[in-house]
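First up is the structure itself, then whatever we jot down about it.
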Amino acid sequence: MTALADFVRRWQEGEVTLAPITELLGVRPRSLGDGRAEVEMDATARLHNAMGILHGGVLVDLADVAIGVALATAVEEGETFSTLQSGITYLRPVQQGRLVAAARVVQRGRTIAHMECEIRDDRERPVARITSSLVIRRLADGE
């Protein structure tokens, strides 16, 4: 198991905080491993936009966490990654309830990974679909 995969495993077991944004939004791990991840959060009024629905940026953040954790389980030791491009299609508005983001590696090359994520509400209805491309690079000693 790589150090990065071990870190997300420790997050899943409640031993560490993944990132400040996950704490702020209340994102929790459900299942992680083998290039896949499911994370969840509760949509509440504190995350609404001016129209009284969940702010779209919150969905982007939720998907980004799921995508990052999924890829973290598929990189090799000494590799890191960052997002090159993301696109989201909003399918239905959300006011409140549990949201689950399921992400997976679609194709992973030497330097680029293509990812997909679907967010569903607590009635299992699709809320948003996200695609993302991430660049993978090997850390030099001392980085």
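Labels used: A, B, ... for chains in the order of the structure tokens, numbers from 1 for residues in each chain, and numbers from 1 for ligands as shown.
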Do you know which residues are at most 9 Å from A:Leu91 counting only C-alpha atoms, after dropping those on the same chain fewer than 5 positions away, and could you put them as a PDB file with C-alpha atoms, in the first residue's frame?
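This went into out25.pdb:
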ATOM      1  CA  PRO A 126     -28.725  11.477  -9.863  1.00  0.00           C
ATOM      2  CA  VAL A 127     -27.946  15.054  -8.857  1.00  0.00           C
ATOM      3  CA  ALA A 128     -24.787  15.731 -10.895  1.00  0.00           C
ATOM      4  CA  ARG A 129     -22.221  14.048 -13.138  1.00  0.00           C
TER       5      ARG A 129
END
Legend entry - Those in chain A with alpha helix (DSSP H) from DSSP, as number ranges by chain: A: 3-12, 20-25, 56-72
Inset, instruction - Would you kindly return, as a PyMOL selection string, each protein, DNA or RNA residue with an atom no farther than 9 Å from any atom of stretch 99-108 of chain A, considering only C-alpha atoms and excluding same-chain residues fewer than 5 positions away? - result: chain A and resi 30+34-43+59+62-63+65-71+74+113-122+124+127+130
Excluding A:Val60 and residues on its chain fewer than 4 positions from it, collect all residues at most 8 Å away from it, counting only C-alpha atoms, and give them as a PDB file with N, CA, C and O atoms, in the first residue's frame.
ATOM      1  N   GLY A  56     -23.930  25.223  -6.116  1.00  0.00           N
ATOM      2  CA  GLY A  56     -23.294  24.312  -7.063  1.00  0.00           C
ATOM      3  C   GLY A  56     -21.842  24.039  -6.753  1.00  0.00           C
ATOM      4  O   GLY A  56     -21.340  22.939  -7.012  1.00  0.00           O
ATOM      5  N   ASP A  64     -14.826  16.587  -6.154  1.00  0.00           N
ATOM      6  CA  ASP A  64     -13.375  16.692  -6.160  1.00  0.00           C
ATOM      7  C   ASP A  64     -12.756  15.826  -5.069  1.00  0.00           C
ATOM      8  O   ASP A  64     -11.720  15.184  -5.292  1.00  0.00           O
ATOM      9  N   ILE A  88     -18.840  19.740 -14.902  1.00  0.00           N
ATOM     10  CA  ILE A  88     -19.968  19.209 -14.141  1.00  0.00           C
ATOM     11  C   ILE A  88     -21.261  19.474 -14.895  1.00  0.00           C
ATOM     12  O   ILE A  88     -21.427  20.527 -15.514  1.00  0.00           O
TER      13      ILE A  88
END
Inset, instruction - Record the distance separating atom CA of A:Thr111 and atom CA of A:Ile136, expressed in Å with one decimal. - result: 4.6 Å
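Nearest to A:Asp6 of all the residues A:Thr89, A:Ser132, A:Thr80, A:Thr73 is A:Thr73, counting only C-alpha atoms.
All residues of protein, DNA or RNA that reach within 8 Å of A:Ala45, judged by only C-alpha atoms and not counting those fewer than 6 positions away in the chain, are A:Gly52, A:Ile53, A:Leu54, A:Gln95, A:Gln96.
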Legend entry - Computed interatomic separation between atom CA of A:Trp11 and atom CA of A:Leu32 (Å): 10.1 Å
Inset, instruction - In Å, rounded to a single decimal, give me how far atom CA of A:Leu25 is from atom CA of A:His55. - result: 11.9 Å
Inset, instruction - May I have all residues of chain A that DSSP, computed from the backbone, assigns to strand (DSSP E or B), given as a PyMOL selection string? - result: chain A and resi 28-33+36-43+48+54+79-90+97-108+112-120+126-138
